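Working notes, beginning with the structure itself.
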Amino acid sequence: VEGSGGDLLVAAMESLGVDTAFGLVSVHNQPLVDAVDRRLRFVPVRHEAAAVNAADAYGRATDGIGVAITSTGTGAGNAAGSLVEALTAGAAVLHVTGQIPSAHLGASKGFIHETKDQRGMLEAVSKAAFTIEPAEDAAATLAAAASLALTPPRGPVSVEWPIDLQHSAHEIRSVALAPGQPPELDEAALDRAAELLATAARPLIWAGGGAVHARAEVLELLERIRAGLLTSNAGRGTVEESHSACIGNFAANPRCRPLLEQADLLLSLGTHFRSNETADYALPLPRPHVQVDVDPAAIGRSYPADLRIVGDAKRVVAALLERLPARTAADAGWLTEVAKARRLSRHHLRQAIGWQNDVCQAIRKFIPHTSVIARDVTIPSSSWGNRLLSIYDPLTNVFARGGGIGQGLAMGIGAAIARPRHPSVLLVGDGGLAVHLGELMTLAQERPWLVVVLFDDGGYGVLRNAQDAFVGRRAGVDLLTPDFELLARSVGIPYWKVDELEQFEEAFARAVAERGPALVVLDVGRLGPMPEPFTPPVKIGA
Ligand SMILES: Cc1ncc(C[n+]2csc(CCOP(=O)(O)OP(=O)(O)O)c2C)c(N)n1
Ligand SMILES: [Mg+2]
């Protein structure tokens, strides 16, 4: 059979198990949009950055890949910020973008949408970028791009497709994936690591985003060696956060300091020990440190590694379990210390956030463990959403890992479309929502089951707090916000306003019961400040 480039893209999506593409139509991607819309689902977003964010979250929420379609030039450029996020997060995205007709490529004649070195621009922000040329290479190029995106460490891969070659006739066949081969495991290093784990008295495990595919193995290891579990934000849910040995994303909390000091072994799994989670790499971590990562360059980069193991967490932890005795040398009292650190650090945070703890608990009460909790970069996310609001499954842990505001709404939409049988929730601030306010229309039009919980403090609250604490003068932080009730009404999204804490539970429960889009706005000014105003976990000043 023959078809357009769009039909070929549909065949690729079918091979990948992807039923939806997110994008913005243009003469430079018309055949792609047309075929996806005819045969699968095309979601028309209002900005190309949102297309990539939604595709990214679709991939994260399904443990797969998402597909984004953009136009040439400005359209591809608009996608760049979100490609940066997908690359930072190690999230698989197949980004297909237009390109000017192949006959004019590189000629700088000012062809409509022509861009100076579009592929170079995409290479800078993606894991890799390809150009489809000649047309006969299209299937192989799409397969190579998707395979690379899905090979750990995952990432976004861009494919630019000259418009004439999208229109030309393609032979339609399924697109065979060829993921990269995993590295050979170092048996001697595994033996040595097992010995260290078996003889440690007070072991800790630190699970990062690279550990989330090893859930059963990490749980078994945790219990076998009777360790405590710290996670990065990205590693949350590797073990359900209700587990008594799971301290979670609290390593930098002062109440965990004694535990870090007492521990006599650290096993880290697929983590980069990023600045926000390690007090800018100043957090003292236990030694010896056994570091496992699929990327050899990551080992020893942020913290010294005493033993290096290159490999993905699932295979490595399984190999360690084979080598470990049924019972190891852990101190009888160690798990008590772990549970204490877990309890004290959570208590410390609850004290710091005041009334917002009630909001946190109410959200957890009315959604199932399978619900995606998407988080934009707002104070409620950065303080409690990233820690206290328990995650039970890593697929539900969707947030901008690079810390860029404004990406949450499209991520929430993408995740909610990927998991239509479960309610999804988005935590977002008024500043973050304003970045891609247009996506409220996408939400209203597509009607995924997404409850948007908006914290309106009339500005960039976290920067306001930082300026108050460290600068003494405010600049660029106070914002006009719309009347959200009118805004919601104008696009047909059910709306609740919360000015008093007592109203939240009922409003949220009713919003979840909508089984579609809903907006719950908390007036943070009226609800009052947190006992400890939240400032960013970064150094301000020299
Ligand atoms: C793309 C991007 N631009 C700027 C920033 C800096 N920044 C971090 S948090 C923040 C404020 C977000 O405001 P809002 O969403 O209202 O949340 P709030 O802090 O008020 O809770 C800003 C501007 C950023 N992180 N990302
Ligand atoms: Mg705000």
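Identifiers for the structure tokens are assigned positionally: chains receive A, B, ... in sequence, residues are indexed from 1 per chain, and ligands are indexed from 1 in the order shown.
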Can you pull out every residue with an atom within 7 Å of ligand 2? Use only C-alpha atoms and all ligand atoms and format it as a list of chain:residue names.
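Using only C-alpha atoms and all ligand atoms, everything at most 7 Å from ligand 2 comes to A:Thr378, A:Gly429, A:Asp430, A:Gly431, A:Phe455, A:Asp456, A:Asp457, A:Gly458, A:Gly459, A:Tyr460, A:Gly461.
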What lies within 12 Å of A:His436 using only C-alpha atoms, ignoring chain neighbours under 6 positions off, as a PyMOL selection string?
chain A and resi 45-51+53+78+376+405-411+428-430+442-443
Nearby residues (only C-alpha atoms) at most 12 Å from stretch 502-508 of chain A, same-chain spacing under 3 positions excluded, as number ranges by chain:
A: 355-367, 423, 425-426, 450-455, 494-499, 511-514, 518-523, 527
Closest atom pairs, residues of stretch 206-301 of chain A within 7 Å of stretch 391-399 of chain A, only C-alpha atoms, as CSV:
residue,atom,partner,partner_atom,distance
A:Val212,CA,A:Pro394,CA,6.2
A:Arg236,CA,A:Pro394,CA,6.1
A:Gly237,CA,A:Pro394,CA,4.6
A:Thr238,CA,A:Pro394,CA,6.0
A:Glu240,CA,A:Tyr392,CA,4.4
A:Glu241,CA,A:Ile391,CA,5.8
Stretch 264-278 of chain A environment, 9 Å, only C-alpha atoms, sequence neighbours closer than 4 positions dropped, as an MDAnalysis selection string:
chainID A and resid 193 196:197 200:212 231:235 249:252 260 282:295 298:299 301:303 312:313 317 536:538
Mind writing the picked residues with N, CA and C atoms as a compact mmCIF listing (two decimals), in the first residue's frame?
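File produced: result08.txt:
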# COMPACT_ATOMS: atom_id res chain seq x y z
N ALA A 193 29.92 -4.95 45.13
CA ALA A 193 28.77 -4.17 45.63
C ALA A 193 27.92 -5.04 46.55
N LEU A 196 29.51 -5.27 49.89
CA LEU A 196 29.32 -4.05 50.67
C LEU A 196 27.89 -3.97 51.23
N LEU A 197 26.93 -4.33 50.40
CA LEU A 197 25.53 -4.27 50.84
C LEU A 197 25.26 -5.30 51.94
N ALA A 200 26.88 -3.98 55.29
CA ALA A 200 26.58 -2.64 55.80
C ALA A 200 25.67 -2.73 57.01
N ALA A 201 25.96 -1.91 58.01
CA ALA A 201 25.12 -1.90 59.21
C ALA A 201 23.98 -0.90 59.07
N ARG A 202 24.26 0.19 58.36
CA ARG A 202 23.25 1.26 58.27
C ARG A 202 23.17 1.78 56.83
N PRO A 203 22.60 0.97 55.93
CA PRO A 203 22.60 1.34 54.51
C PRO A 203 21.46 2.29 54.12
N LEU A 204 21.76 3.13 53.15
CA LEU A 204 20.73 3.97 52.53
C LEU A 204 20.76 3.73 51.02
N ILE A 205 19.58 3.79 50.41
CA ILE A 205 19.48 3.75 48.95
C ILE A 205 18.94 5.11 48.51
N TRP A 206 19.48 5.62 47.40
CA TRP A 206 18.96 6.87 46.82
C TRP A 206 18.49 6.52 45.42
N ALA A 207 17.18 6.62 45.19
CA ALA A 207 16.62 6.26 43.89
C ALA A 207 16.30 7.51 43.09
N GLY A 208 16.81 7.59 41.87
CA GLY A 208 16.52 8.71 40.99
C GLY A 208 15.57 8.28 39.88
N GLY A 209 15.41 9.14 38.89
CA GLY A 209 14.49 8.84 37.78
C GLY A 209 14.86 7.57 37.04
N GLY A 210 16.13 7.18 37.11
CA GLY A 210 16.57 5.96 36.44
C GLY A 210 16.16 4.69 37.16
N ALA A 211 15.60 4.83 38.38
CA ALA A 211 15.23 3.64 39.16
C ALA A 211 13.77 3.25 38.97
N VAL A 212 12.99 4.12 38.34
CA VAL A 212 11.54 3.89 38.37
C VAL A 212 11.10 2.67 37.56
N THR A 231 14.76 9.50 47.81
CA THR A 231 14.58 9.61 46.36
C THR A 231 14.83 11.04 45.94
N SER A 232 15.17 11.20 44.69
CA SER A 232 15.09 12.53 44.10
C SER A 232 13.61 12.77 43.82
N ASN A 233 13.28 13.97 43.36
CA ASN A 233 11.89 14.24 42.97
C ASN A 233 11.49 13.29 41.84
N ALA A 234 12.42 13.07 40.91
CA ALA A 234 12.14 12.22 39.75
C ALA A 234 12.00 10.74 40.13
N GLY A 235 12.63 10.33 41.21
CA GLY A 235 12.61 8.92 41.60
C GLY A 235 11.42 8.56 42.48
N ASN A 249 11.58 12.28 49.00
CA ASN A 249 12.32 13.44 48.51
C ASN A 249 12.57 14.43 49.65
N PHE A 250 13.21 13.95 50.70
CA PHE A 250 13.45 14.77 51.90
C PHE A 250 14.92 14.81 52.29
N ALA A 251 15.80 14.37 51.40
CA ALA A 251 17.20 14.24 51.81
C ALA A 251 17.76 15.55 52.34
N ALA A 252 17.33 16.68 51.72
CA ALA A 252 17.90 17.97 52.13
C ALA A 252 17.20 18.55 53.35
N LEU A 260 21.85 10.83 57.52
CA LEU A 260 22.93 10.87 56.53
C LEU A 260 24.28 10.71 57.21
N ALA A 282 26.14 20.47 48.31
CA ALA A 282 26.84 20.63 49.59
C ALA A 282 26.35 19.61 50.62
N LEU A 283 25.24 18.92 50.35
CA LEU A 283 24.71 17.96 51.31
C LEU A 283 25.74 16.84 51.52
N PRO A 284 26.13 16.59 52.79
CA PRO A 284 27.11 15.51 53.00
C PRO A 284 26.45 14.15 52.80
N LEU A 285 26.97 13.34 51.90
CA LEU A 285 26.38 12.02 51.64
C LEU A 285 27.29 10.92 52.18
N PRO A 286 26.67 9.80 52.57
CA PRO A 286 27.44 8.71 53.18
C PRO A 286 28.45 8.10 52.21
N ARG A 287 29.53 7.55 52.77
CA ARG A 287 30.51 6.76 52.02
C ARG A 287 30.63 5.41 52.73
N PRO A 288 31.03 4.37 52.05
CA PRO A 288 31.27 4.34 50.62
C PRO A 288 29.99 4.54 49.82
N HIS A 289 30.18 5.03 48.61
CA HIS A 289 29.06 5.31 47.72
C HIS A 289 29.16 4.39 46.50
N VAL A 290 28.18 3.52 46.37
CA VAL A 290 28.11 2.64 45.19
C VAL A 290 27.13 3.30 44.23
N GLN A 291 27.61 3.68 43.05
CA GLN A 291 26.74 4.42 42.13
C GLN A 291 26.44 3.60 40.88
N VAL A 292 25.13 3.47 40.61
CA VAL A 292 24.65 2.73 39.44
C VAL A 292 24.03 3.71 38.47
N ASP A 293 24.48 3.71 37.24
CA ASP A 293 23.85 4.57 36.23
C ASP A 293 24.07 3.97 34.85
N VAL A 294 23.09 4.13 34.00
CA VAL A 294 23.21 3.62 32.64
C VAL A 294 24.16 4.49 31.82
N ASP A 295 24.34 5.72 32.28
CA ASP A 295 25.21 6.66 31.58
C ASP A 295 26.54 6.75 32.34
N ALA A 298 27.65 9.95 34.05
CA ALA A 298 26.95 10.47 35.23
C ALA A 298 27.60 10.00 36.53
N ILE A 299 28.38 8.92 36.43
CA ILE A 299 28.94 8.32 37.65
C ILE A 299 30.12 9.16 38.15
N ARG A 301 30.04 12.30 38.81
CA ARG A 301 30.01 13.68 38.31
C ARG A 301 29.63 14.68 39.39
N SER A 302 28.60 14.38 40.18
CA SER A 302 28.17 15.33 41.21
C SER A 302 28.75 15.00 42.57
N TYR A 303 28.92 13.72 42.85
CA TYR A 303 29.50 13.25 44.12
C TYR A 303 30.50 12.14 43.79
N ASP A 312 21.50 -0.37 33.64
CA ASP A 312 20.21 0.16 34.09
C ASP A 312 19.83 -0.49 35.41
N ALA A 313 19.08 0.27 36.20
CA ALA A 313 18.81 -0.11 37.58
C ALA A 313 18.14 -1.48 37.67
N VAL A 317 20.03 -4.19 39.86
CA VAL A 317 19.49 -4.57 41.16
C VAL A 317 19.11 -6.05 41.16
N PRO A 536 13.22 29.94 47.17
CA PRO A 536 13.79 28.90 46.31
C PRO A 536 15.02 28.26 46.96
N PRO A 537 15.24 26.96 46.68
CA PRO A 537 16.39 26.26 47.25
C PRO A 537 17.66 26.56 46.48
N VAL A 538 17.87 27.82 46.15
CA VAL A 538 19.06 28.20 45.39
C VAL A 538 19.72 29.38 46.08
Can you tell me, as a list in words, what residues are no more than 6 Å from A:Glu160 when counting only C-alpha atoms, ignoring any on the same chain fewer than 2 positions away?
Val96, Thr97, Gly98, Gln99 and Thr131 of chain A
So how many Å separate atom CA of A:Leu148 and atom CA of A:Pro179, to one decimal?
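Atom-to-atom, atom CA of A:Leu148 to atom CA of A:Pro179, that is 6.5 Å.
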Nearest to A:Ala444, restricted to only C-alpha atoms and choosing among A:Ala107, A:Ala11, A:Leu16, A:Ile493, comes out as A:Ile493
Identify all residues of stretch 389-504 of chain A in strand (DSSP E or B) (DSSP on the backbone) and supply them as a VMD selection string.
chain A and resid 397 to 399 424 to 429 450 to 456 459 478 495 to 498
How would you write, as a PyMOL selection string, the set of residues in stretch 205-418 of chain A that DSSP gives as alpha helix (DSSP H)?
chain A and resi 215-225+257-262+313-323+334-353+356-366+379-380+408-418
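With only C-alpha atoms and all ligand atoms as the atoms that count, the minimum distance from ligand 1 to the choices A:Gly81, A:Pro153, A:Pro482, A:Pro448 is reached by A:Gly81.
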